[in-house]
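Q: Supplied structure: work-v9.pdb, PDB, C-alpha atoms.
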ATOM      1  CA  ASN A  30       0.000   0.000   0.000
ATOM      2  CA  ALA A  31       1.984   2.978  -1.304
ATOM      3  CA  GLY A  32      -0.614   5.659  -0.446
ATOM      4  CA  VAL A  33      -0.185   8.697  -2.699
ATOM      5  CA  THR A  34       2.691   8.692  -5.181
ATOM      6  CA  GLN A  35       3.933  11.541  -7.353
ATOM      7  CA  THR A  36       6.334  11.732 -10.270
ATOM      8  CA  PRO A  37       8.746  13.278 -10.888
ATOM      9  CA  LYS A  38      10.347  14.279  -7.567
ATOM     10  CA  PHE A  39      12.343  17.120  -9.119
ATOM     11  CA  GLN A  40      12.088  18.985 -12.424
ATOM     12  CA  VAL A  41      13.785  21.976 -13.998
ATOM     13  CA  LEU A  42      12.060  23.660 -16.928
ATOM     14  CA  LYS A  43      12.802  26.621 -19.141
ATOM     15  CA  THR A  44      10.194  29.346 -19.506
ATOM     16  CA  GLY A  45       7.600  28.295 -22.071
ATOM     17  CA  GLN A  46       8.165  24.557 -21.775
ATOM     18  CA  SER A  47       5.325  22.255 -20.855
ATOM     19  CA  MET A  48       5.142  19.302 -18.517
ATOM     20  CA  THR A  49       2.725  17.046 -16.693
ATOM     21  CA  LEU A  50       2.955  16.099 -13.031
ATOM     22  CA  GLN A  51       1.561  12.678 -12.280
ATOM     23  CA  CYS A  52      -0.265  11.574  -9.137
ATOM     24  CA  ALA A  53      -1.737   8.203  -8.200
ATOM     25  CA  GLN A  54      -3.368   6.822  -5.048
ATOM     26  CA  ASP A  55      -4.128   3.246  -4.104
ATOM     27  CA  MET A  56      -6.523   3.919  -1.215
ATOM     28  CA  ASN A  57      -9.687   3.851  -3.338
ATOM     29  CA  HIS A  58     -10.299   7.509  -2.480
ATOM     30  CA  ASN A  59     -12.932   9.482  -4.337
ATOM     31  CA  SER A  60     -11.433  12.958  -4.110
ATOM     32  CA  MET A  61      -8.021  14.189  -5.218
ATOM     33  CA  TYR A  62      -6.288  17.571  -5.006
ATOM     34  CA  TRP A  63      -3.341  19.532  -6.308
ATOM     35  CA  TYR A  64      -1.640  22.149  -4.120
ATOM     36  CA  ARG A  65       1.342  24.390  -4.476
ATOM     37  CA  GLN A  66       3.460  25.476  -1.548
ATOM     38  CA  ASP A  67       5.594  28.612  -1.583
ATOM     39  CA  PRO A  68       7.686  29.949   1.308
ATOM     40  CA  GLY A  69       5.530  31.741   3.867
ATOM     41  CA  MET A  70       2.322  31.022   1.901
ATOM     42  CA  GLY A  71       1.112  27.727   3.315
ATOM     43  CA  LEU A  72      -0.588  25.345   0.891
ATOM     44  CA  ARG A  73      -2.808  26.784  -1.825
ATOM     45  CA  LEU A  74      -5.288  24.703  -3.761
ATOM     46  CA  ILE A  75      -4.826  24.703  -7.536
ATOM     47  CA  TYR A  76      -7.489  22.238  -8.727
ATOM     48  CA  TYR A  77      -9.413  19.369  -7.247
ATOM     49  CA  SER A  78     -11.547  16.456  -8.336
ATOM     50  CA  ALA A  79     -14.347  15.597  -5.928
ATOM     51  CA  SER A  80     -15.061  12.368  -7.783
ATOM     52  CA  GLU A  81     -14.062  10.558 -10.937
ATOM     53  CA  GLY A  82     -15.189  12.542 -13.958
ATOM     54  CA  THR A  83     -15.319  15.951 -12.242
ATOM     55  CA  THR A  84     -12.746  18.682 -11.760
ATOM     56  CA  ASP A  85     -13.003  22.158 -10.224
ATOM     57  CA  LYS A  86     -10.812  25.194  -9.833
ATOM     58  CA  GLY A  87      -9.247  26.024  -6.518
ATOM     59  CA  GLU A  88      -7.684  29.233  -5.272
ATOM     60  CA  VAL A  89      -4.853  29.539  -7.853
ATOM     61  CA  PRO A  90      -5.815  27.725 -11.106
ATOM     62  CA  ASN A  91      -4.352  30.114 -13.692
ATOM     63  CA  GLY A  92      -1.668  28.541 -15.878
ATOM     64  CA  TYR A  93      -2.657  24.966 -14.995
ATOM     65  CA  ASN A  94      -4.910  22.239 -16.327
ATOM     66  CA  VAL A  95      -5.853  18.905 -14.777
ATOM     67  CA  SER A  96      -7.127  15.522 -15.872
ATOM     68  CA  ARG A  97      -8.798  12.916 -13.669
ATOM     69  CA  LEU A  98      -7.752   9.964 -15.751
ATOM     70  CA  ASN A  99      -9.540   7.374 -13.612
ATOM     71  CA  LYS A 100     -10.288   6.921  -9.911
ATOM     72  CA  ARG A 101      -6.611   6.382  -9.081
ATOM     73  CA  GLU A 102      -4.878   9.043 -11.172
ATOM     74  CA  PHE A 103      -5.017  12.846 -11.265
ATOM     75  CA  SER A 104      -2.500  14.758 -13.367
ATOM     76  CA  LEU A 105      -1.537  18.438 -13.405
ATOM     77  CA  ARG A 106      -0.316  20.069 -16.603
ATOM     78  CA  LEU A 107       1.639  23.254 -17.119
ATOM     79  CA  GLU A 108       1.175  24.227 -20.777
ATOM     80  CA  SER A 109       3.676  27.084 -20.850
ATOM     81  CA  ALA A 110       5.743  27.250 -17.692
ATOM     82  CA  ALA A 111       6.574  30.606 -16.115
ATOM     83  CA  PRO A 112       9.093  31.461 -13.349
ATOM     84  CA  SER A 113       6.127  32.280 -11.071
ATOM     85  CA  GLN A 114       5.258  28.582 -11.164
ATOM     86  CA  THR A 115       8.482  27.666  -9.400
ATOM     87  CA  SER A 116       7.156  25.892  -6.327
ATOM     88  CA  VAL A 117       6.691  22.584  -4.543
ATOM     89  CA  TYR A 118       3.614  20.752  -5.760
ATOM     90  CA  PHE A 119       1.686  18.306  -3.600
ATOM     91  CA  CYS A 120      -1.035  15.912  -4.579
ATOM     92  CA  ALA A 121      -3.496  14.677  -1.949
ATOM     93  CA  SER A 122      -6.491  12.393  -1.720
ATOM     94  CA  THR A 123      -9.355  11.775   0.654
ATOM     95  CA  GLY A 124     -12.122   9.229   1.109
ATOM     96  CA  ALA A 125     -15.821   9.722   1.774
ATOM     97  CA  GLY A 126     -17.744  10.767   4.883
ATOM     98  CA  LEU A 127     -16.715  12.997   7.798
ATOM     99  CA  GLY A 128     -13.504  11.012   8.227
ATOM    100  CA  GLY A 129     -12.865  11.889   4.629
ATOM    101  CA  ASP A 130     -11.859  15.395   5.702
ATOM    102  CA  THR A 131      -8.432  13.918   6.388
ATOM    103  CA  GLN A 132      -6.322  14.388   3.286
ATOM    104  CA  TYR A 133      -3.281  12.202   2.639
ATOM    105  CA  PHE A 134      -0.410  13.811   0.807
ATOM    106  CA  GLY A 135       2.128  12.591  -1.689
ATOM    107  CA  PRO A 136       5.853  13.328  -1.277
ATOM    108  CA  GLY A 137       5.796  16.394  -3.525
ATOM    109  CA  THR A 138       7.441  17.577  -6.745
ATOM    110  CA  ARG A 139       9.965  20.391  -6.574
ATOM    111  CA  LEU A 140       9.680  22.385  -9.792
ATOM    112  CA  THR A 141      12.043  25.139 -10.886
ATOM    113  CA  VAL A 142      11.253  27.268 -13.933
ATOM    114  CA  LEU A 143      14.198  29.249 -15.283
TER     115      LEU A 143
ATOM    116  CA  GLU B   4      -8.519  38.299   3.421
ATOM    117  CA  ASP B   5      -7.162  35.279   5.236
ATOM    118  CA  LYS B   6      -9.743  32.874   6.561
ATOM    119  CA  VAL B   7      -7.282  30.862   8.661
ATOM    120  CA  VAL B   8      -4.667  32.734  10.677
ATOM    121  CA  GLN B   9      -1.903  30.963  12.537
ATOM    122  CA  SER B  10       0.311  32.468  15.196
ATOM    123  CA  PRO B  11       3.110  32.812  15.811
ATOM    124  CA  LEU B  12       4.562  32.423  12.314
ATOM    125  CA  SER B  13       7.742  31.063  13.819
ATOM    126  CA  LEU B  14       9.298  30.379  17.188
ATOM    127  CA  VAL B  15      12.391  28.874  18.700
ATOM    128  CA  VAL B  16      12.278  26.969  21.982
ATOM    129  CA  HIS B  17      14.641  24.821  24.003
ATOM    130  CA  GLU B  18      14.248  21.095  24.311
ATOM    131  CA  GLY B  19      11.893  20.312  27.183
ATOM    132  CA  ASP B  20       9.825  23.485  26.843
ATOM    133  CA  THR B  21       6.063  23.454  26.322
ATOM    134  CA  VAL B  22       4.692  25.312  23.309
ATOM    135  CA  THR B  23       1.228  26.433  22.297
ATOM    136  CA  LEU B  24       0.406  27.096  18.665
ATOM    137  CA  ASN B  25      -2.681  29.059  17.717
ATOM    138  CA  CYS B  26      -5.104  28.876  14.824
ATOM    139  CA  SER B  27      -8.007  31.293  14.476
ATOM    140  CA  TYR B  28     -10.543  31.245  11.695
ATOM    141  CA  GLU B  29     -13.416  33.148  10.233
ATOM    142  CA  VAL B  30     -15.562  31.145   7.834
ATOM    143  CA  THR B  31     -19.181  30.280   7.264
ATOM    144  CA  ASN B  32     -20.482  26.734   7.552
ATOM    145  CA  PHE B  33     -17.501  25.468   9.522
ATOM    146  CA  ARG B  34     -17.291  21.672   9.480
ATOM    147  CA  SER B  35     -13.897  20.578  10.807
ATOM    148  CA  LEU B  36     -10.413  21.823  11.677
ATOM    149  CA  LEU B  37      -7.322  19.762  11.029
ATOM    150  CA  TRP B  38      -3.726  19.978  12.191
ATOM    151  CA  TYR B  39      -0.819  18.704  10.118
ATOM    152  CA  LYS B  40       2.916  18.419  10.792
ATOM    153  CA  GLN B  41       5.291  19.051   7.904
ATOM    154  CA  GLU B  42       8.937  18.171   8.167
ATOM    155  CA  LYS B  43      11.045  18.114   5.033
ATOM    156  CA  LYS B  44       8.446  16.456   2.852
ATOM    157  CA  ALA B  45       4.677  16.010   2.784
ATOM    158  CA  PRO B  46       2.306  17.147   5.547
ATOM    159  CA  THR B  47       1.281  14.332   7.858
ATOM    160  CA  PHE B  48      -2.041  14.294   9.679
ATOM    161  CA  LEU B  49      -2.140  14.970  13.427
ATOM    162  CA  PHE B  50      -5.708  15.724  14.540
ATOM    163  CA  MET B  51      -9.166  16.467  13.260
ATOM    164  CA  LEU B  52     -11.510  18.489  15.492
ATOM    165  CA  THR B  53     -15.208  18.977  14.980
ATOM    166  CA  SER B  54     -16.656  19.649  18.442
ATOM    167  CA  SER B  55     -15.846  22.361  20.967
ATOM    168  CA  GLY B  56     -14.134  21.514  24.223
ATOM    169  CA  ILE B  57     -13.157  17.940  23.413
ATOM    170  CA  GLU B  58      -9.408  17.507  23.646
ATOM    171  CA  LYS B  59      -7.668  15.257  21.189
ATOM    172  CA  LYS B  60      -4.411  13.792  22.481
ATOM    173  CA  SER B  61      -1.562  11.805  21.021
ATOM    174  CA  GLY B  62       1.490  11.356  23.202
ATOM    175  CA  ARG B  63       2.933  14.775  23.984
ATOM    176  CA  LEU B  64       0.642  16.537  21.500
ATOM    177  CA  SER B  65      -2.867  17.690  22.235
ATOM    178  CA  SER B  66      -5.375  19.974  20.591
ATOM    179  CA  ILE B  67      -8.694  21.576  21.403
ATOM    180  CA  LEU B  68     -11.272  23.581  19.488
ATOM    181  CA  ASP B  69     -13.393  26.526  20.620
ATOM    182  CA  LYS B  70     -16.213  27.030  18.116
ATOM    183  CA  LYS B  71     -17.624  30.003  19.994
ATOM    184  CA  GLU B  72     -14.399  32.005  19.899
ATOM    185  CA  LEU B  73     -13.366  30.457  16.561
ATOM    186  CA  PHE B  74      -9.930  29.152  17.364
ATOM    187  CA  SER B  75      -7.941  26.039  18.071
ATOM    188  CA  ILE B  76      -4.678  25.443  19.904
ATOM    189  CA  LEU B  77      -2.061  22.760  19.488
ATOM    190  CA  ASN B  78       0.033  22.033  22.567
ATOM    191  CA  ILE B  79       3.323  20.197  22.594
ATOM    192  CA  THR B  80       4.770  19.331  25.998
ATOM    193  CA  ALA B  81       8.377  18.342  26.754
ATOM    194  CA  THR B  82       9.462  19.316  23.251
ATOM    195  CA  GLN B  83      12.151  17.336  21.458
ATOM    196  CA  THR B  84      14.338  18.247  18.492
ATOM    197  CA  GLY B  85      12.219  15.883  16.407
ATOM    198  CA  ASP B  86       9.260  18.222  16.935
ATOM    199  CA  SER B  87      10.975  20.806  14.752
ATOM    200  CA  ALA B  88       8.670  21.258  11.775
ATOM    201  CA  ILE B  89       6.041  23.475  10.198
ATOM    202  CA  TYR B  90       2.645  22.973  11.829
ATOM    203  CA  LEU B  91      -0.284  23.620   9.527
ATOM    204  CA  CYS B  92      -3.870  24.323  10.451
ATOM    205  CA  ALA B  93      -6.633  23.761   7.883
ATOM    206  CA  LEU B  94     -10.396  23.710   7.852
ATOM    207  CA  THR B  95     -13.324  22.412   5.849
ATOM    208  CA  GLN B  96     -16.607  24.157   5.210
ATOM    209  CA  GLY B  97     -20.132  23.094   4.342
ATOM    210  CA  GLY B  98     -20.449  20.274   1.862
ATOM    211  CA  TYR B  99     -17.084  20.870   0.211
ATOM    212  CA  SER B 100     -14.205  18.429   0.460
ATOM    213  CA  THR B 101     -11.507  21.075   0.053
ATOM    214  CA  LEU B 102      -9.144  22.261   2.801
ATOM    215  CA  THR B 103      -8.243  25.904   3.425
ATOM    216  CA  PHE B 104      -4.813  26.171   5.002
ATOM    217  CA  GLY B 105      -3.221  28.784   7.190
ATOM    218  CA  LYS B 106       0.337  29.896   6.460
ATOM    219  CA  GLY B 107       1.754  27.617   9.143
ATOM    220  CA  THR B 108       3.926  27.996  12.234
ATOM    221  CA  MET B 109       7.592  27.082  11.895
ATOM    222  CA  LEU B 110       8.804  25.551  15.149
ATOM    223  CA  LEU B 111      12.494  25.034  15.872
ATOM    224  CA  VAL B 112      13.442  23.084  18.991
ATOM    225  CA  SER B 113      17.056  23.621  19.928
ATOM    226  CA  PRO B 114      19.008  21.021  21.949
TER     227      PRO B 114
END
Spell out the structure here as structure tokens.
A:
Amino acid sequence: NAGVTQTPKFQVLKTGQSMTLQCAQDMNHNSMYWYRQDPGMGLRLIYYSASEGTTDKGEVPNGYNVSRLNKREFSLRLESAAPSQTSVYFCASTGAGLGGDTQYFGPGTRLTVL
Amino acid sequence: EDKVVQSPLSLVVHEGDTVTLNCSYEVTNFRSLLWYKQEKKAPTFLFMLTSSGIEKKSGRLSSILDKKELFSILNITATQTGDSAIYLCALTQGGYSTLTFGKGTMLLVSP
């Protein structure tokens, strides 16, 4: 039981390049989330998927797209990377019910855009 | 404006001290408040609080919620260097599954 996994762990991009961050969970959770974390800013929600087949914008969606590929996988795409997207990206998932408020996080992807 | 405000933003204590971290909030349709610990990697879950006045406890860590005054505290007694981390407070509202995080408190426990 690996929990939430993310790939890659590190990535360096040039401005204008594109890339996709991958996330998968093996806990049979319905909901999945993408956050970014910047120094002194806490965690900010980019996009989330409350259930398979649905996605919604979070607090900071501009410059990103997401795909809920199936119940296990939720990917985040940067179409044209900008230096402002340099950050640590976390994927998380949660199950159903009141106990489902507890989100479980992946190990993160550290992205640098030059 | 910020919905979840944590204080202090950072503090340094000596091993063995007791610390109290604060989280205040201002939201509608409050459902639950969660505390996470973040060391070098991903946040790990500590507590979830939904009812006022009921203390949650795990070893040297404890937390309580006051829904009337809209805040929660996280206490750590007999601190150890391994308690050094960022402590994050987050909450859920209404029927939504999303978490709204505070900026976190960075705790450094010196030997």
Q: So, counting all atoms listed in the file, which residue among A:Ser113, A:Thr83, A:Thr141, A:Thr123 is closest to A:Met61?
A: A:Thr123
Q: When you get a sec, could you note down which chain A residues fall within 6 Å of chain B, using all atoms listed in the file, as a PyMOL selection string?
A: chain A and resi 70-72+134+136
Q: Pick out the residues sitting within 12 Å of B:Val16, and hand them over as a PyMOL selection string; count all atoms listed in the file, and ignore anything fewer than 2 positions along from it in its own chain.
A: chain B and resi 13-14+18-23+79-84+86-87+109-114
Q: Show which residues sit within 8 Å of A:Gln40, as a PyMOL selection string. Count all atoms listed in the file, and ignore same-chain residues fewer than 6 positions away.
A: chain A and resi 138-141
Q: Rank nothing, just name the residue among A:Thr115, A:Ser122, A:Asn91, A:Thr131 nearest to A:Leu42, using all atoms listed in the file.
A: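 Among the listed residues, A:Thr115 lies closest to A:Leu42.
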Q: Model the absent atoms of stretch 105-116 of chain A so that all heavy atoms are present, and write the result as a CSV table (one decimal), keeping the file's coordinate frame.
A:
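Result went into rebuild.csv, see below:
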chain,number,residue,atom,x,y,z
A,105,LEU,N,-1.6,17.0,-13.3
A,105,LEU,CA,-1.5,18.4,-13.4
A,105,LEU,C,-0.6,18.8,-14.5
A,105,LEU,O,0.5,18.4,-14.6
A,105,LEU,CB,-1.0,19.0,-12.1
A,105,LEU,CG,-0.9,20.5,-12.0
A,105,LEU,CD1,-2.2,21.2,-11.9
A,105,LEU,CD2,0.0,20.9,-10.8
A,106,ARG,N,-1.1,19.7,-15.4
A,106,ARG,CA,-0.3,20.1,-16.6
A,106,ARG,C,0.0,21.6,-16.6
A,106,ARG,O,-0.9,22.4,-16.4
A,106,ARG,CB,-1.0,19.7,-17.9
A,106,ARG,CG,-0.2,20.0,-19.1
A,106,ARG,CD,-0.6,19.2,-20.3
A,106,ARG,NE,0.1,19.6,-21.5
A,106,ARG,CZ,1.3,19.1,-21.8
A,106,ARG,NH1,1.9,18.2,-21.0
A,106,ARG,NH2,2.0,19.4,-22.9
A,107,LEU,N,1.2,21.9,-16.9
A,107,LEU,CA,1.6,23.3,-17.1
A,107,LEU,C,1.9,23.4,-18.6
A,107,LEU,O,2.8,22.7,-19.2
A,107,LEU,CB,2.9,23.6,-16.4
A,107,LEU,CG,2.9,23.8,-14.9
A,107,LEU,CD1,2.6,22.5,-14.1
A,107,LEU,CD2,4.1,24.4,-14.3
A,108,GLU,N,1.1,24.1,-19.3
A,108,GLU,CA,1.2,24.2,-20.8
A,108,GLU,C,2.3,25.1,-21.2
A,108,GLU,O,3.0,24.8,-22.2
A,108,GLU,CB,-0.1,24.8,-21.4
A,108,GLU,CG,-1.3,23.9,-21.2
A,108,GLU,CD,-1.2,22.6,-22.2
A,108,GLU,OE1,-0.3,22.6,-23.0
A,108,GLU,OE2,-2.0,21.7,-22.0
A,109,SER,N,2.6,26.2,-20.5
A,109,SER,CA,3.7,27.1,-20.8
A,109,SER,C,4.2,27.6,-19.5
A,109,SER,O,3.7,28.6,-19.0
A,109,SER,CB,3.1,28.2,-21.7
A,109,SER,OG,4.2,29.1,-22.1
A,110,ALA,N,5.3,27.0,-19.0
A,110,ALA,CA,5.7,27.2,-17.7
A,110,ALA,C,6.3,28.7,-17.6
A,110,ALA,O,6.9,29.2,-18.5
A,110,ALA,CB,6.8,26.2,-17.3
A,111,ALA,N,6.1,29.3,-16.4
A,111,ALA,CA,6.6,30.6,-16.1
A,111,ALA,C,7.4,30.6,-14.8
A,111,ALA,O,7.1,29.7,-14.0
A,111,ALA,CB,5.4,31.6,-16.0
A,112,PRO,N,8.3,31.5,-14.6
A,112,PRO,CA,9.1,31.5,-13.3
A,112,PRO,C,8.2,31.5,-12.1
A,112,PRO,O,8.6,31.0,-11.1
A,112,PRO,CB,10.0,32.7,-13.5
A,112,PRO,CG,10.2,32.8,-15.0
A,112,PRO,CD,8.9,32.4,-15.6
A,113,SER,N,7.0,32.2,-12.2
A,113,SER,CA,6.1,32.3,-11.1
A,113,SER,C,5.6,30.9,-10.7
A,113,SER,O,5.0,30.8,-9.6
A,113,SER,CB,5.0,33.2,-11.4
A,113,SER,OG,4.2,32.7,-12.5
A,114,GLN,N,5.7,29.9,-11.5
A,114,GLN,CA,5.3,28.6,-11.2
A,114,GLN,C,6.3,27.7,-10.5
A,114,GLN,O,6.1,26.6,-10.2
A,114,GLN,CB,4.7,27.9,-12.4
A,114,GLN,CG,3.5,28.6,-13.0
A,114,GLN,CD,3.0,27.9,-14.3
A,114,GLN,OE1,3.7,27.8,-15.2
A,114,GLN,NE2,1.7,27.5,-14.3
A,115,THR,N,7.5,28.3,-10.2
A,115,THR,CA,8.5,27.7,-9.4
A,115,THR,C,7.9,27.5,-8.0
A,115,THR,O,7.5,28.4,-7.4
A,115,THR,CB,9.8,28.5,-9.3
A,115,THR,OG1,10.4,28.6,-10.6
A,115,THR,CG2,10.7,27.9,-8.3
A,116,SER,N,7.8,26.2,-7.6
A,116,SER,CA,7.2,25.9,-6.3
A,116,SER,C,7.3,24.4,-6.0
A,116,SER,O,7.9,23.7,-6.8
A,116,SER,CB,5.7,26.2,-6.5
A,116,SER,OG,5.0,26.1,-5.2
